[in-house]
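S.K.: Sending over structure-v2.tsv (TSV, C-alpha atoms).
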```
chain	number	residue	atom	x	y	z
E	1	MET	CA	-14.17	-74.39	-36.25
E	2	GLU	CA	-15.88	-76.82	-38.60
E	3	ILE	CA	-18.99	-76.09	-40.63
E	4	HIS	CA	-20.85	-78.82	-42.51
E	5	THR	CA	-23.74	-78.45	-44.95
E	6	VAL	CA	-25.97	-81.01	-46.62
E	7	LYS	CA	-28.86	-80.73	-49.06
E	8	VAL	CA	-31.79	-83.13	-48.69
E	9	GLN	CA	-33.31	-83.87	-52.10
E	10	GLU	CA	-34.85	-87.31	-51.59
E	11	LYS	CA	-38.45	-87.54	-52.80
E	12	ASP	CA	-39.27	-90.79	-50.98
E	13	ASP	CA	-39.96	-91.12	-47.26
E	14	LEU	CA	-36.52	-91.93	-45.85
E	15	LEU	CA	-37.92	-93.70	-42.80
E	16	GLN	CA	-39.65	-96.15	-45.13
E	17	THR	CA	-36.69	-96.43	-47.51
E	18	TYR	CA	-34.19	-96.97	-44.68
E	19	PRO	CA	-36.23	-98.38	-41.75
E	20	SER	CA	-33.04	-99.36	-39.88
E	21	LEU	CA	-32.35	-95.65	-39.27
E	22	GLN	CA	-35.02	-95.76	-36.56
E	23	SER	CA	-32.68	-97.81	-34.38
E	24	TYR	CA	-30.43	-94.75	-34.00
E	25	LEU	CA	-33.24	-92.53	-32.74
E	26	THR	CA	-34.94	-92.24	-29.38
E	27	VAL	CA	-38.70	-92.58	-29.06
E	28	LYS	CA	-38.93	-88.83	-28.49
E	29	GLU	CA	-36.88	-88.10	-31.61
E	30	LEU	CA	-39.07	-90.40	-33.73
E	31	GLU	CA	-42.24	-88.81	-32.42
E	32	SER	CA	-40.87	-85.36	-33.23
E	33	ILE	CA	-40.06	-86.43	-36.80
E	34	LYS	CA	-43.42	-88.09	-37.43
E	35	LYS	CA	-45.31	-84.97	-36.35
E	36	PHE	CA	-44.34	-83.28	-39.62
E	37	ARG	CA	-47.10	-83.75	-42.21
E	38	ASN	CA	-44.94	-82.62	-45.11
E	39	GLN	CA	-42.68	-85.44	-46.30
E	40	ASN	CA	-39.77	-83.14	-47.13
E	41	ASP	CA	-39.94	-81.67	-43.63
E	42	ARG	CA	-39.90	-85.18	-42.14
E	43	ASN	CA	-36.90	-86.12	-44.26
E	44	VAL	CA	-34.99	-82.96	-43.31
E	45	LYS	CA	-35.72	-83.45	-39.60
E	46	LEU	CA	-34.66	-87.10	-39.80
E	47	VAL	CA	-31.45	-86.35	-41.69
E	48	SER	CA	-30.59	-83.45	-39.40
E	49	ARG	CA	-30.61	-85.72	-36.34
E	50	ILE	CA	-29.04	-88.82	-37.96
E	51	LEU	CA	-26.19	-86.82	-39.50
E	52	LEU	CA	-25.63	-84.95	-36.26
E	53	LYS	CA	-25.10	-88.27	-34.47
E	54	TYR	CA	-22.93	-89.48	-37.36
E	55	LEU	CA	-20.67	-86.40	-37.08
E	56	LEU	CA	-20.56	-86.64	-33.29
E	57	ALA	CA	-19.62	-90.33	-33.50
E	58	LYS	CA	-16.74	-89.48	-35.84
E	59	LYS	CA	-15.49	-86.69	-33.57
E	60	GLN	CA	-15.81	-88.79	-30.40
E	61	GLY	CA	-14.40	-91.96	-31.93
E	62	VAL	CA	-17.42	-94.07	-30.92
E	63	ALA	CA	-20.10	-96.08	-32.70
E	64	LEU	CA	-23.14	-94.18	-33.98
E	65	GLU	CA	-25.50	-96.05	-31.65
E	66	GLU	CA	-23.42	-94.94	-28.65
E	67	VAL	CA	-24.03	-91.23	-29.23
E	68	GLU	CA	-26.47	-89.67	-26.78
E	69	VAL	CA	-27.70	-86.13	-27.44
E	70	TYR	CA	-29.33	-84.06	-24.71
E	71	SER	CA	-30.98	-80.64	-24.67
E	72	ASN	CA	-31.08	-77.88	-22.08
E	73	PRO	CA	-34.38	-76.27	-20.98
E	74	TYR	CA	-34.16	-73.89	-23.95
E	75	GLY	CA	-33.66	-76.66	-26.52
E	76	LYS	CA	-29.89	-76.23	-27.05
E	77	LEU	CA	-28.38	-79.62	-27.87
E	78	PHE	CA	-25.27	-80.98	-26.16
E	79	VAL	CA	-23.39	-84.17	-25.34
E	80	LYS	CA	-22.00	-84.83	-21.89
E	81	ASN	CA	-18.30	-84.46	-21.07
E	82	SER	CA	-17.45	-83.13	-24.52
E	83	ARG	CA	-14.35	-81.13	-25.44
E	84	PHE	CA	-16.29	-79.28	-28.16
E	85	GLN	CA	-19.64	-77.59	-28.67
E	86	PHE	CA	-21.97	-77.84	-31.61
E	87	ASN	CA	-25.15	-76.47	-33.10
E	88	LEU	CA	-27.38	-77.12	-36.09
E	89	SER	CA	-30.06	-75.42	-38.13
E	90	HIS	CA	-32.23	-76.38	-41.09
E	91	SER	CA	-34.52	-74.57	-43.49
E	92	GLY	CA	-36.06	-75.68	-46.76
E	93	ASN	CA	-33.83	-78.49	-48.06
E	94	MET	CA	-30.61	-77.32	-46.38
E	95	ILE	CA	-29.02	-78.31	-43.06
E	96	LEU	CA	-26.12	-76.48	-41.43
E	97	TYR	CA	-23.90	-77.89	-38.64
E	98	GLY	CA	-21.25	-76.08	-36.62
E	99	PHE	CA	-18.55	-77.44	-34.28
E	100	ASP	CA	-16.12	-75.38	-32.22
E	101	GLY	CA	-14.14	-75.42	-29.01
E	102	CYS	CA	-16.35	-72.75	-27.43
E	103	ALA	CA	-20.00	-71.70	-27.44
E	104	LEU	CA	-21.47	-71.24	-30.89
E	105	GLY	CA	-24.80	-70.99	-32.67
E	106	VAL	CA	-25.70	-71.37	-36.33
E	107	ASP	CA	-28.79	-70.43	-38.29
E	108	ILE	CA	-29.75	-70.89	-41.93
E	109	GLU	CA	-32.88	-69.59	-43.58
E	110	GLU	CA	-34.37	-70.01	-47.02
E	111	LEU	CA	-34.83	-66.61	-48.68
E	112	VAL	CA	-38.59	-66.64	-49.04
E	113	PRO	CA	-40.61	-63.40	-49.37
E	114	VAL	CA	-40.68	-61.21	-46.24
E	115	PHE	CA	-43.66	-59.28	-44.91
E	116	PRO	CA	-43.35	-56.19	-42.67
E	117	GLU	CA	-45.46	-57.73	-39.91
E	118	THR	CA	-43.02	-60.66	-39.74
E	119	ALA	CA	-39.96	-58.40	-39.71
E	120	LYS	CA	-41.41	-56.40	-36.82
E	121	LEU	CA	-41.34	-59.54	-34.63
E	122	PHE	CA	-37.55	-59.82	-34.91
E	123	MET	CA	-36.24	-56.29	-35.30
E	124	SER	CA	-35.47	-53.44	-32.95
E	125	GLU	CA	-37.25	-50.17	-33.61
E	126	ALA	CA	-34.25	-48.71	-35.44
E	127	GLU	CA	-33.74	-51.88	-37.50
E	128	TYR	CA	-37.41	-51.96	-38.48
E	129	LYS	CA	-37.47	-48.29	-39.53
E	130	TYR	CA	-34.39	-48.85	-41.68
E	131	PHE	CA	-35.93	-52.00	-43.17
E	132	LEU	CA	-39.23	-50.27	-43.92
E	133	ASN	CA	-38.09	-46.82	-45.05
E	134	GLN	CA	-34.60	-47.18	-46.52
E	135	LEU	CA	-34.69	-50.47	-48.42
E	136	GLU	CA	-36.72	-52.07	-51.19
E	137	GLY	CA	-36.93	-55.38	-53.03
E	138	SER	CA	-34.00	-57.78	-52.73
E	139	LEU	CA	-32.02	-55.41	-50.47
E	140	ARG	CA	-34.89	-55.33	-47.98
E	141	LYS	CA	-35.17	-59.11	-47.99
E	142	GLU	CA	-31.41	-59.61	-47.60
E	143	PHE	CA	-31.25	-57.17	-44.68
E	144	PHE	CA	-34.09	-58.97	-42.92
E	145	TYR	CA	-32.39	-62.35	-43.21
E	146	LYS	CA	-29.02	-60.96	-42.11
E	147	VAL	CA	-30.67	-59.60	-38.96
E	148	TRP	CA	-32.83	-62.68	-38.36
E	149	THR	CA	-30.07	-65.26	-38.79
E	150	ALA	CA	-27.61	-63.17	-36.76
E	151	LYS	CA	-30.01	-62.86	-33.82
E	152	GLU	CA	-31.00	-66.52	-33.92
E	153	SER	CA	-27.38	-67.67	-34.05
E	154	LEU	CA	-26.50	-65.28	-31.20
E	155	LEU	CA	-29.28	-66.56	-28.93
E	156	LYS	CA	-28.39	-70.16	-29.77
E	157	ALA	CA	-24.74	-69.49	-28.94
E	158	ALA	CA	-25.81	-67.95	-25.62
E	159	GLY	CA	-27.92	-71.06	-24.99
E	160	THR	CA	-31.11	-69.16	-24.23
E	161	GLY	CA	-33.10	-69.91	-27.37
E	162	ILE	CA	-35.42	-67.40	-29.01
E	163	THR	CA	-36.85	-65.05	-26.39
E	164	SER	CA	-39.38	-62.25	-26.30
E	165	GLN	CA	-36.43	-59.86	-25.88
E	166	ILE	CA	-35.20	-60.44	-29.43
E	167	THR	CA	-36.46	-57.00	-30.50
E	168	GLN	CA	-34.29	-55.43	-27.77
E	169	ILE	CA	-31.12	-56.77	-29.39
E	170	HIS	CA	-29.83	-54.06	-31.71
E	171	LEU	CA	-27.36	-54.93	-34.46
E	172	PRO	CA	-25.26	-52.46	-36.47
E	173	ILE	CA	-27.29	-51.01	-39.34
E	174	ASN	CA	-25.89	-50.54	-42.83
E	175	SER	CA	-22.65	-52.39	-42.05
E	176	ASP	CA	-21.42	-55.94	-41.81
E	177	ILE	CA	-22.29	-57.53	-38.46
E	178	MET	CA	-18.94	-58.70	-37.11
E	179	GLU	CA	-19.19	-58.63	-33.31
E	180	ILE	CA	-21.54	-57.66	-30.49
E	181	ASN	CA	-21.69	-57.58	-26.69
E	182	TYR	CA	-24.48	-59.69	-25.24
E	183	GLN	CA	-25.02	-60.64	-21.59
E	184	ASP	CA	-21.52	-59.43	-20.66
E	185	CYS	CA	-19.88	-61.62	-23.33
E	186	ARG	CA	-18.32	-60.77	-26.69
E	187	TYR	CA	-19.68	-62.69	-29.68
E	188	PHE	CA	-18.31	-62.77	-33.22
E	189	PHE	CA	-20.18	-63.42	-36.48
E	190	HIS	CA	-19.60	-64.86	-39.90
E	191	GLN	CA	-22.42	-64.45	-42.43
E	192	GLY	CA	-22.97	-65.39	-46.03
E	193	LYS	CA	-25.13	-67.06	-48.64
E	194	LEU	CA	-25.35	-70.67	-49.71
E	195	GLY	CA	-26.19	-70.40	-53.38
E	196	ALA	CA	-28.82	-67.83	-54.25
E	197	ASP	CA	-31.56	-69.12	-51.98
E	198	TYR	CA	-30.15	-69.34	-48.43
E	199	MET	CA	-28.63	-66.96	-45.90
E	200	TYR	CA	-26.65	-68.23	-42.91
E	201	SER	CA	-25.05	-66.82	-39.78
E	202	ILE	CA	-22.48	-68.37	-37.48
E	203	CYS	CA	-22.01	-66.85	-34.03
E	204	THR	CA	-19.29	-67.83	-31.59
E	205	ARG	CA	-17.11	-66.50	-28.79
E	206	ASN	CA	-14.11	-67.55	-30.88
E	207	GLN	CA	-12.74	-64.39	-32.49
E	208	ASP	CA	-10.95	-66.45	-35.17
E	209	ILE	CA	-14.22	-66.90	-37.04
E	210	ASN	CA	-13.32	-65.18	-40.28
E	211	ALA	CA	-12.28	-68.36	-42.07
E	212	PRO	CA	-14.46	-71.29	-40.97
E	213	ILE	CA	-13.84	-74.56	-42.79
E	214	PHE	CA	-16.90	-75.56	-44.85
E	215	THR	CA	-17.51	-79.18	-45.85
E	216	ILE	CA	-20.34	-80.23	-48.16
E	217	LEU	CA	-21.61	-83.61	-47.04
E	218	SER	CA	-22.85	-86.32	-49.41
E	219	LEU	CA	-26.09	-87.61	-47.93
E	220	GLU	CA	-26.16	-90.64	-50.24
E	221	GLU	CA	-22.64	-91.75	-49.24
E	222	ILE	CA	-23.26	-91.26	-45.53
E	223	LEU	CA	-26.54	-93.16	-45.56
E	224	LYS	CA	-24.86	-96.04	-47.41
E	225	GLU	CA	-22.08	-96.08	-44.83
E	226	ILE	CA	-24.58	-96.13	-41.95
E	227	ILE	CA	-26.74	-98.87	-43.50
E	228	ASN	CA	-23.72	-101.02	-44.44
E	229	SER	CA	-22.39	-100.77	-40.89
E	230	ARG	CA	-25.50	-102.61	-39.70
E	231	SER	CA	-25.13	-105.52	-42.12
```
Here is the file; what I need is its structure written in the form of structure tokens.
M.R.:
Amino acid sequence: MEIHTVKVQEKDDLLQTYPSLQSYLTVKELESIKKFRNQNDRNVKLVSRILLKYLLAKKQGVALEEVEVYSNPYGKLFVKNSRFQFNLSHSGNMILYGFDGCALGVDIEELVPVFPETAKLFMSEAEYKYFLNQLEGSLRKEFFYKVWTAKESLLKAAGTGITSQITQIHLPINSDIMEINYQDCRYFFHQGKLGADYMYSICTRNQDINAPIFTILSLEEILKEIINSRS
């Protein structure tokens, strides 16, 4: 299993700074990026897709422009005839990528304040009661994001996307979430924080998940490599 992270800190519009990046994107991908009004959100969306194709090109041994990414009806990304599976997630300024030999899902979330009405949309009845009645302050917020990222990564690993049945998924309360049965399959989790401001979950059917290899990507170096390859 490989896990890659990158932080997007650029203040300028990357599509204007590096216009040649557009040549690596489909019309649909460009339209999706340009829909974001917030410039940081546009940059993060752009980088998430460009770096995904960059990583896929490296793993497949092909040129970046040869990489074609598809999505299933639920939005799960894939490449055809691949020996590995992958997933990505982004929140705030951070992007998280995961690659493995079997189904996996990843989710990262910025630890912003949590409101009870939001938590109720993601939690089972027992989870919500524990969240509301047993926890306060930072412990309440951390529990919410552990549950949220775990469920999102699970549903992404299963390839179904976020469904209305998310509140029917019940995770162990007051213990580390390590594994769960879902749709007749066994899934395993790895959770943690990136710095003080982000919580992540990785979910896979690979039980050897306890020690994923993390790589911190340098956005500046990768963009230079991509741009120079065009000249």
S.K.: Closest to Ala63 (chain E) among E:Lys80, E:Arg140, E:Tyr24, E:Pro172, using only C-alpha atoms?
M.R.: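 Among the listed residues, E:Tyr24 lies closest to Ala63 (chain E).
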S.K.: Can you work out which one of E:Leu219, E:Leu21, E:Met199, E:Leu15 has the shortest atom-to-atom distance to Phe144 (chain E), counting only C-alpha atoms?
M.R.: E:Met199
S.K.: When you look at Gly159 (chain E) with a cut-off of 10 Å (counting only C-alpha atoms), what residues show up, excluding the ones that are within fewer than 4 positions of it in the same chain? I need them as a PyMOL selection string.
M.R.: chain E and resi 72-77+103-105+153-155
S.K.: Rank E:Gly195, E:Ala157, E:Val69, E:Asn38 by their smallest atom-to-atom distance to Asp12 (chain E), using only C-alpha atoms, and report the top residue only.
M.R.: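 Of E:Gly195, E:Ala157, E:Val69, E:Asn38, the one nearest Asp12 (chain E), counting only C-alpha atoms, is E:Asn38.
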S.K.: In Å, how far is it from CA of Arg83 (chain E) to CA of Ala57 (chain E)?
M.R.: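 That distance, rounded to one decimal, is 13.3 Å.
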S.K.: Let me make sure I understand: among E:Ser71, E:Gln85, E:Gln191, E:Gln168, which one has the smallest atom-to-atom distance to Ser124 (chain E) if we use only C-alpha atoms?
M.R.: E:Gln168
S.K.: Which polymer residues have any atom within 12 Å of an atom of Glu66 (chain E), counting all atoms listed in the file, with same-chain residues fewer than 6 positions away left out, as a PyMOL selection string?
M.R.: chain E and resi 23-26+53-54+56-58+60+79
S.K.: Counting all atoms listed in the file, note down every residue that has an atom within 8 Å of the point (-30.7, -64.1, -40.9) (file coordinates), as a list in words.
M.R.: Asp107, Ile108, Glu109, Phe143, Phe144, Tyr145, Lys146, Val147, Trp148, Thr149, Ala150, Lys151, Glu152, Met199, Tyr200 and Ser201 of chain E
S.K.: Any chance you could export the current selection's C-alpha atoms as a tab-separated table (two decimals), in the coordinates of the input?
M.R.:
```
chain	number	residue	atom	x	y	z
E	107	ASP	CA	-28.79	-70.43	-38.29
E	108	ILE	CA	-29.75	-70.89	-41.93
E	109	GLU	CA	-32.88	-69.59	-43.58
E	143	PHE	CA	-31.25	-57.17	-44.68
E	144	PHE	CA	-34.09	-58.97	-42.92
E	145	TYR	CA	-32.39	-62.35	-43.21
E	146	LYS	CA	-29.02	-60.96	-42.11
E	147	VAL	CA	-30.67	-59.60	-38.96
E	148	TRP	CA	-32.83	-62.68	-38.36
E	149	THR	CA	-30.07	-65.26	-38.79
E	150	ALA	CA	-27.61	-63.17	-36.76
E	151	LYS	CA	-30.01	-62.86	-33.82
E	152	GLU	CA	-31.00	-66.52	-33.92
E	199	MET	CA	-28.63	-66.96	-45.90
E	200	TYR	CA	-26.65	-68.23	-42.91
E	201	SER	CA	-25.05	-66.82	-39.78
```
S.K.: Separation of CA of Asp13 (chain E) and CA of Val44 (chain E), in Å?
M.R.: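 CA of Val44 (chain E) lies 10.3 Å from CA of Asp13 (chain E).
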S.K.: Write out as a list of chain:residue names the residues lying within 10 Å of region 132-137 of chain E, counting only C-alpha atoms and excluding same-chain residues fewer than 4 positions away.
M.R.: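 Near neighbours after the sequence-gap exclusion: E:Pro113, E:Val114, E:Pro116, E:Ala119, E:Lys120, E:Ala126, E:Glu127, E:Tyr128, E:Lys141, E:Glu142, E:Phe143.
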S.K.: Measuring atom to atom with only C-alpha atoms, identify which of E:Tyr130, E:Tyr198, E:Tyr182, E:Tyr97 is nearest to Ile213 (chain E).
M.R.: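 Of the candidates, the smallest distance to Ile213 (chain E) is held by E:Tyr97.
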S.K.: So how far away is CA of Glu68 (chain E) from CA of Asp100 (chain E), in Å?
M.R.: 18.5 Å
S.K.: Can you list, as a ChimeraX atom specification, every protein, DNA or RNA residue that comes within 6 Å of Phe189 (chain E) when you count all atoms listed in the file, leaving out same-chain residues fewer than 5 positions away?
M.R.: /E:178-179,202-203
S.K.: Here is a test: counting all atoms listed in the file, which residue of E:Leu55, E:Leu88, E:Met1, E:Ile166 is nearest to Arg205 (chain E)?
M.R.: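 When distances to Arg205 (chain E) are compared using all atoms listed in the file, the smallest one comes from E:Met1.
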S.K.: Near Phe36 (chain E), counting all atoms listed in the file, which residues have an atom at most 10 Å away, once you skip same-chain residues fewer than 6 positions from it, shown as a list in words?
M.R.: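 Those residues are Arg42, Asn43 and Lys45 of chain E.
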